[in-house]
file model-v9.cif (mmCIF, C-alpha atoms and all ligand atoms)
data_entry
#
loop_
_atom_site.label_atom_id
_atom_site.label_comp_id
_atom_site.auth_asym_id
_atom_site.auth_seq_id
_atom_site.Cartn_x
_atom_site.Cartn_y
_atom_site.Cartn_z
CA MET X 1 107.24 137.26 -76.12
CA SER X 2 109.83 139.66 -74.78
CA GLU X 3 112.88 140.59 -76.80
CA GLU X 4 116.04 138.51 -76.26
CA ILE X 5 119.33 140.34 -76.01
CA GLU X 6 122.97 139.72 -76.62
CA GLY X 7 125.71 140.94 -74.35
CA ARG X 8 128.02 139.80 -71.61
CA ILE X 9 127.34 138.83 -68.04
CA LEU X 10 129.92 140.07 -65.51
CA ILE X 11 130.41 137.91 -62.40
CA VAL X 12 132.55 139.25 -59.56
CA ASP X 13 133.84 137.38 -56.50
CA ASP X 14 137.24 137.25 -54.81
CA ASN X 15 136.83 133.55 -54.10
CA GLU X 16 137.78 131.66 -57.26
CA SER X 17 135.71 128.60 -56.48
CA ASN X 18 132.57 130.65 -55.83
CA LEU X 19 133.25 132.40 -59.10
CA GLU X 20 133.57 129.07 -60.86
CA ILE X 21 130.29 127.74 -59.47
CA MET X 22 128.37 130.88 -60.35
CA ALA X 23 129.86 130.90 -63.85
CA MET X 24 128.91 127.24 -64.39
CA TYR X 25 125.35 127.84 -63.24
CA ILE X 26 124.93 130.85 -65.48
CA GLU X 27 126.73 129.45 -68.52
CA SER X 28 124.60 126.34 -68.48
CA GLU X 29 121.39 128.35 -68.88
CA PHE X 30 122.24 131.29 -71.14
CA ASP X 31 124.13 131.66 -74.39
CA ASN X 32 125.59 135.00 -73.36
CA ASP X 33 129.32 135.31 -72.77
CA THR X 34 130.49 135.57 -69.19
CA LEU X 35 133.31 137.73 -67.86
CA LEU X 36 134.86 137.10 -64.46
CA GLY X 37 136.33 139.66 -62.04
CA SER X 38 137.78 139.35 -58.56
CA SER X 39 137.18 142.81 -57.04
CA ALA X 40 135.36 146.08 -57.66
CA VAL X 41 138.50 147.60 -59.16
CA ASP X 42 138.89 144.63 -61.47
CA ALA X 43 135.22 144.73 -62.46
CA ILE X 44 135.25 148.46 -63.20
CA GLU X 45 138.22 147.91 -65.56
CA LEU X 46 136.30 145.11 -67.31
CA ILE X 47 133.21 147.30 -67.70
CA LYS X 48 135.32 150.12 -69.17
CA GLU X 49 136.88 147.67 -71.66
CA ASN X 50 133.59 145.96 -72.60
CA SER X 51 130.72 148.20 -73.55
CA ASN X 52 128.28 145.31 -73.85
CA ILE X 53 127.92 144.26 -70.20
CA ILE X 54 124.23 143.64 -69.58
CA ILE X 55 124.22 142.60 -65.92
CA VAL X 56 126.69 142.65 -63.01
CA ILE X 57 126.48 139.90 -60.39
CA SER X 58 128.76 140.59 -57.46
CA ASP X 59 129.88 139.39 -54.07
CA TYR X 60 130.05 142.05 -51.31
CA TYR X 61 133.20 141.49 -49.25
CA MET X 62 136.26 141.59 -51.52
CA PRO X 63 139.70 142.94 -50.75
CA GLY X 64 140.62 145.41 -53.48
CA GLY X 65 137.18 147.02 -53.68
CA ASP X 66 133.92 145.61 -52.35
CA GLY X 67 130.45 145.18 -53.85
CA GLY X 68 129.36 148.53 -52.38
CA MET X 69 132.11 150.34 -54.24
CA LEU X 70 131.13 148.55 -57.46
CA TYR X 71 127.44 149.36 -57.05
CA THR X 72 128.19 153.03 -56.34
CA TRP X 73 130.36 153.24 -59.47
CA LEU X 74 127.75 151.50 -61.58
CA LYS X 75 124.97 153.79 -60.37
CA GLU X 76 127.01 156.84 -61.39
CA ASN X 77 128.50 155.56 -64.62
CA LYS X 78 126.23 152.83 -66.00
CA PRO X 79 122.86 153.35 -64.32
CA ASP X 80 121.11 151.13 -66.89
CA VAL X 81 123.15 148.03 -66.07
CA PRO X 82 121.30 145.94 -63.47
CA PHE X 83 123.18 144.85 -60.34
CA LEU X 84 122.63 141.64 -58.41
CA LEU X 85 124.30 141.22 -55.02
CA VAL X 86 125.36 137.73 -53.94
CA CYS X 87 126.56 137.61 -50.37
CA GLY X 88 126.48 135.85 -47.03
CA GLU X 89 124.54 138.58 -45.23
CA ASN X 90 120.77 138.96 -45.13
CA GLN X 91 118.92 141.94 -46.53
CA ASP X 92 118.38 143.63 -43.14
CA THR X 93 122.13 143.89 -42.74
CA VAL X 94 123.14 144.93 -46.25
CA GLU X 95 120.39 147.43 -46.91
CA LYS X 96 121.80 149.63 -44.14
CA LEU X 97 125.15 149.92 -45.90
CA PRO X 98 125.46 153.47 -47.23
CA GLU X 99 127.15 152.33 -50.45
CA LEU X 100 124.11 150.21 -51.31
CA GLN X 101 121.58 153.03 -50.96
CA GLY X 102 119.10 152.76 -53.82
CA LEU X 103 119.70 149.09 -54.52
CA PHE X 104 116.73 147.96 -52.49
CA SER X 105 114.36 150.72 -53.55
CA ARG X 106 112.20 148.43 -55.70
CA GLY X 107 109.56 147.01 -53.45
CA ASP X 108 108.47 144.14 -55.71
CA PHE X 109 111.63 142.03 -55.33
CA SER X 110 115.04 142.06 -53.70
CA PRO X 111 118.21 142.09 -55.85
CA LEU X 112 120.02 139.98 -53.26
CA VAL X 113 120.95 136.31 -53.46
CA SER X 114 122.02 135.05 -50.03
CA LYS X 115 124.91 132.59 -49.88
CA PRO X 116 124.72 129.62 -49.82
CA PHE X 117 122.29 129.72 -52.74
CA LYS X 118 120.71 127.29 -55.13
CA LYS X 119 121.16 127.53 -58.88
CA GLU X 120 117.43 128.15 -59.46
CA GLU X 121 117.47 131.08 -57.05
CA LEU X 122 120.40 132.75 -58.81
CA ILE X 123 118.87 132.26 -62.27
CA GLU X 124 115.44 133.43 -61.09
CA LYS X 125 116.87 136.62 -59.53
CA MET X 126 118.88 137.32 -62.69
CA LYS X 127 115.73 137.16 -64.76
CA MET X 128 113.98 139.47 -62.30
CA VAL X 129 116.58 142.26 -62.31
CA MET X 130 116.81 142.24 -66.11
CA SER X 131 114.12 144.06 -68.02
CA LYS X 132 114.88 142.01 -71.13
CA GLU X 133 115.42 138.29 -71.52
CA LEU X 134 118.84 136.71 -71.75
CA THR X 135 119.58 134.37 -74.67
CA LYS X 136 118.56 130.90 -73.57
CA VAL X 137 120.57 127.83 -74.46
CA ILE X 138 118.88 125.55 -77.06
CA GLU X 139 116.26 123.42 -75.35
CA GLY X 140 117.48 120.00 -74.22
CA TYR X 141 121.10 121.15 -73.77
CA LYS X 142 123.28 122.77 -71.12
CA ARG X 143 126.31 124.83 -72.01
CA ILE X 144 129.80 124.52 -70.54
CA SER X 145 133.02 126.39 -71.28
CA ILE X 146 135.66 124.22 -72.93
CA ASP X 147 138.12 124.91 -70.13
CA ARG X 148 135.69 123.64 -67.53
CA PHE X 149 134.67 120.67 -69.67
CA LEU X 150 138.30 119.58 -69.89
CA THR X 151 138.87 120.17 -66.19
CA PHE X 152 135.81 118.45 -64.84
CA ASN X 153 134.70 115.80 -67.32
CA LYS X 154 135.66 112.81 -65.18
CA CYS X 155 132.46 110.92 -65.93
CA PHE X 156 132.85 111.13 -69.72
CA VAL X 157 129.63 112.63 -70.88
CA GLY X 158 129.09 113.36 -74.56
CA ALA X 159 129.57 116.87 -75.98
CA HIS X 160 128.20 118.90 -78.88
CA LEU X 161 129.23 121.96 -80.82
CA LYS X 162 126.69 124.58 -81.74
CA VAL X 163 126.83 124.88 -85.53
CA GLY X 164 123.73 126.98 -86.17
CA PRO X 165 121.15 128.97 -84.23
CA LYS X 166 119.23 125.78 -83.47
CA LYS X 167 121.69 123.12 -84.66
CA MET X 168 124.06 120.91 -82.67
CA LEU X 169 126.83 118.59 -83.87
CA LYS X 170 127.96 115.76 -81.65
CA VAL X 171 131.77 115.87 -81.35
CA VAL X 172 132.39 113.62 -78.34
CA ASN X 173 130.51 110.40 -77.61
CA LYS X 174 129.54 109.40 -74.08
CA ASP X 175 132.33 107.42 -72.36
CA ASP X 176 134.88 108.62 -74.93
CA GLU X 177 137.71 110.90 -74.12
CA ILE X 178 137.92 114.12 -76.09
CA SER X 179 140.76 113.77 -78.64
CA GLU X 180 143.70 116.14 -78.71
CA GLU X 181 143.00 116.82 -82.37
CA LEU X 182 139.48 117.96 -81.58
CA ILE X 183 140.70 120.22 -78.78
CA TYR X 184 143.23 121.71 -81.20
CA ASN X 185 140.57 122.36 -83.86
CA ILE X 186 138.14 123.82 -81.39
CA VAL X 187 140.74 126.16 -79.96
CA VAL X 188 141.92 127.25 -83.44
CA LYS X 189 138.34 128.06 -84.45
CA GLY X 190 137.90 130.20 -81.33
CA VAL X 191 135.05 128.08 -79.99
CA LYS X 192 134.56 128.75 -76.30
CA TYR X 193 131.69 126.48 -75.30
CA LEU X 194 130.47 122.90 -75.66
CA TYR X 195 126.95 121.62 -75.05
CA ILE X 196 125.94 118.60 -72.99
CA GLU X 197 122.57 116.89 -73.32
CA GLU X 198 120.34 117.76 -70.40
CA GLU X 199 119.99 114.15 -69.20
CA GLU X 200 123.76 113.80 -68.92
CA TYR X 201 124.39 117.22 -67.50
CA GLU X 202 123.38 116.32 -63.98
CA ALA X 203 126.05 113.62 -63.75
CA PHE X 204 128.61 116.02 -65.17
CA MET X 205 127.63 118.79 -62.76
CA GLY X 206 127.72 116.36 -59.82
CA SER X 207 131.33 115.41 -60.42
CA ALA X 208 132.30 118.99 -61.27
CA MET X 209 130.75 120.33 -58.08
CA GLU X 210 132.57 117.79 -56.00
CA GLU X 211 135.86 118.96 -57.43
CA VAL X 212 135.04 122.62 -57.06
CA MET X 213 134.01 122.02 -53.45
CA GLU X 214 137.26 120.26 -52.75
CA LYS X 215 139.11 123.17 -54.26
CA LEU X 216 136.91 125.50 -52.24
CA ALA X 217 137.78 123.76 -48.98
CA CYS X 218 141.52 124.10 -49.67
CA ARG X 219 141.19 127.69 -50.88
CA ASP X 220 139.09 128.71 -47.89
CA ALA X 221 141.80 127.61 -45.53
CA GLU X 222 144.32 129.61 -47.55
CA GLU X 223 142.06 132.61 -47.79
CA SER X 224 141.35 132.87 -44.10
CA GLU X 225 145.11 132.85 -43.65
CA LYS X 226 145.33 135.70 -46.12
CA VAL X 227 142.94 137.98 -44.29
CA ARG X 228 144.67 137.48 -40.96
CA LEU X 229 145.89 141.00 -40.46
CA GLN X 230 149.34 141.43 -41.92
CA MET X 231 151.06 144.39 -40.35
CA ASN X 232 154.20 144.51 -42.45
CA SER X 233 153.23 147.54 -44.49
CA VAL X 234 150.92 150.52 -44.23
CA GLU X 235 149.04 149.24 -47.30
CA SER X 236 148.36 145.88 -45.71
CA ILE X 237 147.13 147.49 -42.48
CA HIS X 238 144.79 149.65 -44.55
CA GLU X 239 143.63 146.65 -46.53
CA GLY X 240 142.92 144.72 -43.32
CA LEU X 241 141.00 147.63 -41.83
CA ARG X 242 138.99 148.05 -45.01
CA TYR X 243 138.21 144.34 -44.94
CA VAL X 244 136.71 144.66 -41.47
CA GLY X 245 134.57 147.60 -42.57
CA MET X 246 136.53 150.77 -41.76
CA GLY X 247 135.86 153.58 -44.24
CA GLN X 248 138.56 155.26 -46.31
CA LYS X 249 138.22 158.65 -44.56
CA ALA X 250 138.57 157.06 -41.12
CA ILE X 251 141.63 155.16 -42.27
CA GLU X 252 143.22 158.36 -43.56
CA LEU X 253 142.46 160.17 -40.31
CA ALA X 254 143.90 157.30 -38.24
CA GLN X 255 147.00 157.18 -40.44
CA GLY X 256 147.56 160.91 -39.83
CA VAL X 257 147.23 160.40 -36.06
CA VAL X 258 149.62 157.42 -36.10
CA ASP X 259 152.18 159.36 -38.15
CA SER X 260 152.09 162.43 -35.96
CA THR X 261 152.31 160.36 -32.74
CA LEU X 262 155.28 158.44 -34.07
CA ASN X 263 156.95 161.70 -35.10
CA THR X 264 156.44 163.23 -31.67
CA ILE X 265 157.86 160.12 -30.07
CA LYS X 266 160.85 160.05 -32.40
CA SER X 267 161.77 163.57 -31.34
CA ASN X 268 161.90 162.49 -27.69
CA LYS X 269 165.00 160.40 -27.24
CA LYS X 270 164.01 158.86 -23.92
CA ILE X 271 160.63 157.67 -25.14
CA SER X 272 161.91 156.44 -28.48
CA THR X 273 164.66 154.39 -26.82
CA ILE X 274 162.21 152.71 -24.46
CA LEU X 275 159.75 152.03 -27.28
CA LYS X 276 162.43 150.65 -29.56
CA SER X 277 163.30 148.05 -26.96
CA ILE X 278 159.78 146.60 -26.91
CA LEU X 279 158.31 147.49 -30.26
CA LYS X 280 160.35 145.14 -32.38
CA LYS X 281 158.80 144.80 -35.79
CA ASP X 282 156.68 141.75 -36.54
CA ASN X 283 155.85 140.92 -32.96
CA TYR X 284 152.49 140.90 -31.26
CA ILE X 285 153.12 143.85 -28.89
CA TYR X 286 154.21 146.04 -31.79
CA GLU X 287 151.24 145.02 -33.94
CA LEU X 288 148.75 145.40 -31.11
CA SER X 289 150.10 148.84 -30.16
CA LEU X 290 149.89 150.11 -33.72
CA LEU X 291 146.50 148.60 -34.48
CA THR X 292 144.97 149.90 -31.24
CA CYS X 293 146.14 153.33 -32.34
CA TYR X 294 144.23 153.08 -35.66
CA ILE X 295 141.11 151.55 -34.21
CA SER X 296 140.79 153.77 -31.12
CA THR X 297 141.12 156.84 -33.36
CA ALA X 298 138.41 155.50 -35.66
CA ILE X 299 136.05 154.89 -32.73
CA ALA X 300 136.75 158.27 -31.10
CA ASN X 301 136.10 159.91 -34.47
CA GLU X 302 132.46 158.80 -34.21
CA THR X 303 131.94 160.20 -30.71
CA GLU X 304 131.40 163.63 -29.14
CA TRP X 305 135.03 163.48 -27.95
CA ALA X 306 136.41 163.57 -31.49
CA THR X 307 139.23 166.08 -30.97
CA THR X 308 142.92 166.09 -31.82
CA GLU X 309 143.60 166.07 -28.08
CA THR X 310 141.62 162.82 -27.66
CA TYR X 311 143.37 161.18 -30.62
CA LYS X 312 146.76 162.13 -29.16
CA LYS X 313 145.91 160.63 -25.79
CA LEU X 314 144.57 157.41 -27.28
CA SER X 315 147.48 156.94 -29.64
CA TYR X 316 150.12 157.66 -26.99
CA ALA X 317 148.44 155.18 -24.63
CA SER X 318 148.27 152.65 -27.50
CA LEU X 319 152.01 152.70 -27.93
CA MET X 320 152.76 152.72 -24.20
CA GLN X 321 150.17 150.25 -22.87
CA ASP X 322 152.52 147.24 -22.68
CA VAL X 323 155.83 149.03 -22.31
CA SER X 324 156.58 147.04 -19.13
CA LEU X 325 156.07 143.65 -20.81
CA LYS X 326 158.79 141.77 -22.59
CA SER X 327 156.80 138.68 -23.49
CA ASN X 328 154.41 138.57 -26.44
CA ASP X 329 152.64 135.56 -24.96
CA LEU X 330 151.88 137.40 -21.73
CA ALA X 331 150.70 140.45 -23.68
CA LYS X 332 148.14 138.26 -25.46
CA ILE X 333 146.21 137.66 -22.22
CA CYS X 334 143.32 140.12 -22.22
CA LYS X 335 141.38 139.22 -19.08
CA LYS X 336 141.44 136.87 -16.11
CA SER X 337 138.79 134.59 -17.60
CA ASP X 338 141.00 133.80 -20.67
CA ILE X 339 142.01 130.13 -20.79
CA GLY X 340 145.60 131.25 -21.35
CA PHE X 341 145.60 133.11 -18.04
CA LYS X 342 144.56 130.04 -16.05
CA LYS X 343 147.38 128.01 -17.55
CA LEU X 344 150.11 130.47 -16.46
CA SER X 345 152.43 129.98 -13.49
CA SER X 346 151.50 132.15 -10.51
CA GLU X 347 154.53 134.34 -11.15
CA ASP X 348 153.46 134.97 -14.76
CA GLN X 349 149.91 135.65 -13.60
CA LYS X 350 151.31 138.33 -11.26
CA THR X 351 153.32 139.85 -14.12
CA VAL X 352 150.22 139.96 -16.31
CA ILE X 353 148.01 141.50 -13.62
CA SER X 354 150.54 144.14 -12.61
CA HIS X 355 151.68 145.16 -16.10
CA PRO X 356 149.23 148.07 -16.52
CA VAL X 357 150.52 149.64 -13.29
CA LYS X 358 154.15 148.89 -14.20
CA SER X 359 153.68 150.41 -17.69
CA LEU X 360 152.20 153.48 -16.05
CA GLU X 361 155.20 153.80 -13.73
CA ILE X 362 157.54 153.75 -16.72
CA VAL X 363 155.45 156.30 -18.63
CA GLU X 364 155.42 158.62 -15.63
CA LYS X 365 159.21 158.50 -15.50
CA LEU X 366 159.34 159.62 -19.14
CA GLY X 367 157.59 162.93 -18.53
CA GLU X 368 154.34 164.53 -17.56
CA VAL X 369 151.27 162.39 -18.17
CA SER X 370 147.70 163.66 -18.41
CA SER X 371 145.15 162.03 -16.12
CA ASP X 372 143.33 160.62 -19.15
CA VAL X 373 146.41 158.82 -20.48
CA ARG X 374 147.12 157.66 -16.95
CA ASN X 375 143.64 156.15 -16.61
CA ILE X 376 143.70 154.55 -20.05
CA ILE X 377 146.97 152.73 -19.39
CA TRP X 378 145.88 151.74 -15.90
CA GLU X 379 142.49 150.48 -17.14
CA HIS X 380 143.39 148.97 -20.50
CA HIS X 381 142.71 145.42 -19.27
CA GLU X 382 139.56 146.19 -17.28
CA ARG X 383 136.50 144.57 -18.83
CA PRO X 384 132.76 145.34 -18.60
CA ARG X 385 131.90 142.11 -16.77
CA GLY X 386 134.47 142.71 -14.05
CA ASP X 387 136.78 139.91 -15.20
CA GLY X 388 139.56 142.29 -16.16
CA PHE X 389 142.55 143.48 -14.14
CA PRO X 390 144.22 144.94 -12.09
CA ARG X 391 141.17 146.23 -10.22
CA GLY X 392 138.28 144.21 -11.66
CA LEU X 393 136.22 147.34 -12.48
CA ASP X 394 132.91 146.94 -14.26
CA ARG X 395 131.06 148.69 -17.12
CA LYS X 396 129.78 151.43 -14.80
CA SER X 397 133.11 152.34 -13.24
CA ILE X 398 135.48 152.36 -16.23
CA GLY X 399 136.13 155.84 -17.65
CA THR X 400 134.74 156.72 -21.10
CA LEU X 401 138.05 157.21 -22.87
CA SER X 402 139.22 153.93 -21.36
CA CYS X 403 136.06 152.30 -22.74
CA ILE X 404 136.97 153.51 -26.25
CA PHE X 405 140.47 152.19 -25.72
CA ILE X 406 139.35 148.82 -24.34
CA LEU X 407 137.06 148.26 -27.34
CA ALA X 408 139.95 149.08 -29.67
CA HIS X 409 142.31 146.87 -27.67
CA GLU X 410 139.97 143.87 -27.68
CA PHE X 411 139.07 144.30 -31.36
CA SER X 412 142.74 144.63 -32.36
CA HIS X 413 143.65 141.56 -30.32
CA ARG X 414 140.96 139.49 -32.03
CA LEU X 415 141.97 140.68 -35.50
CA LEU X 416 145.58 139.78 -34.81
CA THR X 417 145.04 136.38 -33.25
CA GLU X 418 142.14 134.95 -35.26
CA SER X 419 141.74 134.11 -38.91
CA ILE X 420 139.24 136.70 -39.95
CA ASN X 421 136.55 135.79 -42.43
CA HIS X 422 132.91 136.87 -42.64
CA GLU X 423 131.82 134.27 -40.12
CA THR X 424 134.46 134.95 -37.45
CA LEU X 425 133.96 138.69 -37.88
CA GLU X 426 130.24 138.23 -37.35
CA ASN X 427 130.97 136.23 -34.18
CA ILE X 428 133.21 138.99 -32.85
CA HIS X 429 130.51 141.58 -33.47
CA ASN X 430 127.87 139.42 -31.79
CA GLU X 431 130.09 138.95 -28.74
CA PHE X 432 130.76 142.68 -28.62
CA GLU X 433 127.05 143.36 -28.78
CA ARG X 434 126.52 141.09 -25.76
CA ASN X 435 129.40 142.43 -23.69
CA TYR X 436 129.85 146.07 -24.58
CA SER X 437 126.48 147.60 -25.36
CA GLY X 438 125.73 148.85 -21.83
CA GLY X 439 127.04 151.11 -19.07
CA ASN X 440 129.87 153.49 -19.93
CA PHE X 441 130.58 151.34 -22.99
CA LYS X 442 127.29 152.22 -24.66
CA LYS X 443 128.39 155.35 -26.56
CA PRO X 444 131.85 153.97 -27.45
CA TYR X 445 130.22 150.75 -28.64
CA ASP X 446 127.73 152.62 -30.84
CA ALA X 447 130.71 154.54 -32.23
CA LEU X 448 132.55 151.30 -32.99
CA ARG X 449 129.52 150.05 -34.90
CA LYS X 450 129.48 153.26 -36.92
CA ALA X 451 133.22 153.23 -37.50
CA PHE X 452 133.05 149.66 -38.78
CA GLN X 453 129.79 150.13 -40.66
CA ARG X 454 127.64 147.66 -38.78
FE FE W 501 148.36 145.08 -21.93
#

call {"tool": "encode", "arguments": {"input": "model-v9.cif", "output": "structure tokens"}}
result
Amino acid sequence: MSEEIEGRILIVDDNESNLEIMAMYIESEFDNDTLLGSSAVDAIELIKENSNIIIVISDYYMPGGDGGMLYTWLKENKPDVPFLLVCGENQDTVEKLPELQGLFSRGDFSPLVSKPFKKEELIEKMKMVMSKELTKVIEGYKRISIDRFLTFNKCFVGAHLKVGPKKMLKVVNKDDEISEELIYNIVVKGVKYLYIEEEEYEAFMGSAMEEVMEKLACRDAEESEKVRLQMNSVESIHEGLRYVGMGQKAIELAQGVVDSTLNTIKSNKKISTILKSILKKDNYIYELSLLTCYISTAIANETEWATTETYKKLSYASLMQDVSLKSNDLAKICKKSDIGFKKLSSEDQKTVISHPVKSLEIVEKLGEVSSDVRNIIWEHHERPRGDGFPRGLDRKSIGTLSCIFILAHEFSHRLLTESINHETLENIHNEFERNYSGGNFKKPYDALRKAFQR
């Protein structure tokens, strides 16, 4: 028989309900303590504070440090601690992520549990990544933390205290409520867990899961709200870009480009006055202009045209693209096939279709414009399938820099108008793959994939 070990199990997920479910699954099977973290940064702190972590089980996508960051840290600082990844992606997708290099090097099994997962799968994978056995709960019982028992015990199952290595003491009878006195005594003694007989555990787990799921449904709605890109501070833009897969170096580069463009514009009174009139904080045109700046820089950075000159052109065009538009609603129309376009009055449709040319006219009045900037502004609503405007160009006739810009424009628009979660992000990428992987878009599209680590 292999040696059983003591030590703590660290579970990391930004979604509290997922965390709760994983913790319940694991706690019910093993007598080891569990620690819960909500991001890589959080988890690293916990590992530094607790020397006896024996396994890390982590989600991948988490604001405030993802699973890749955690794995990289672990590999460098605690190479003996096994790592199990629990995420919504399949192995083909995650094994390409540079931060996870080395995780899938063992050919005999995969340290990945794909969400949604079953309890048995999680437990089985945990046993596989660990070279030693975890401490099993006494046969015939399942363990539950006292907090969770009090929260979820709606079906009044009985509960036991563990009073010796193999000895249980019944403290709550089935159908009885746990008394306040008992709770008090348990808390004073520092007891953290109760034990439920296996036959009753299923009923308990059923009602607990229902509640957690309910909580999950509410939280999910809140969380997708949360990741909708908030543009009210540089930190939140960075956080949003990190969430959609942009690397730290690319973010820093883009920030530098944005800063220097804004500085140049500030020093030109004419341009800054015009921009001030349309770029009012917290509106769509402002957010789109700024975000296109970041994203087009990040894409260009992965191409053969990665020069300061290119970044300047893209960022200037980003800020100027909609300078002729006053309405945020009209600016949100990307192409003629958008439902929103069809619903507009014919006058508004004309305004939408002519705004690239009108913006260009304004920009030309402000000073000399390079032909690249000219083309980008003129073509920023052209689309590969020919359903763009004003000219209805297609993937073979749109200029390369414009292609970079259009990808950035469309991606920014989607990030700003949709609630971004793993599923919607996946949908966006799939649509991009269908629409943008050919013609003059091919290289810019490959660059976008690189920039956003797909
Ligand atoms: Fe526009």

call {"tool": "residues_near_ligand", "arguments": {"input": "model-v9.cif", "ligand": "ligand FE 501 (chain W)", "cutoff": "12 Å", "atoms": "all atoms listed in the file", "output": "ChimeraX atom specification"}}
result
/X:284-286,288-289,292,317-335,351-360,376-382,388-390,405-406,409-410,412-413

call {"tool": "residues_around", "arguments": {"input": "model-v9.cif", "residues": "Gly399 in chain X", "least_positions_apart": "2", "cutoff": "8 Å", "atoms": "all atoms listed in the file", "output": "number ranges by chain"}}
result
X: 375, 397, 401-403, 440

call {"tool": "atom_distance", "arguments": {"input": "model-v9.cif", "atom1": "CA of Ser371 in chain X", "atom2": "CA of Lys270 in chain X"}}
result
20.7 Å

call {"tool": "atom_distance", "arguments": {"input": "model-v9.cif", "atom1": "CA of Lys396 in chain X", "atom2": "CA of Pro384 in chain X"}}
result
7.8 Å

call {"tool": "residues_around", "arguments": {"input": "model-v9.cif", "residues": "range 262-269 of chain X", "least_positions_apart": "4", "cutoff": "10 Å", "atoms": "all atoms listed in the file", "output": "VMD selection string"}}
result
chain X and resid 256 to 258 273 to 276 290 315 to 316 319 366
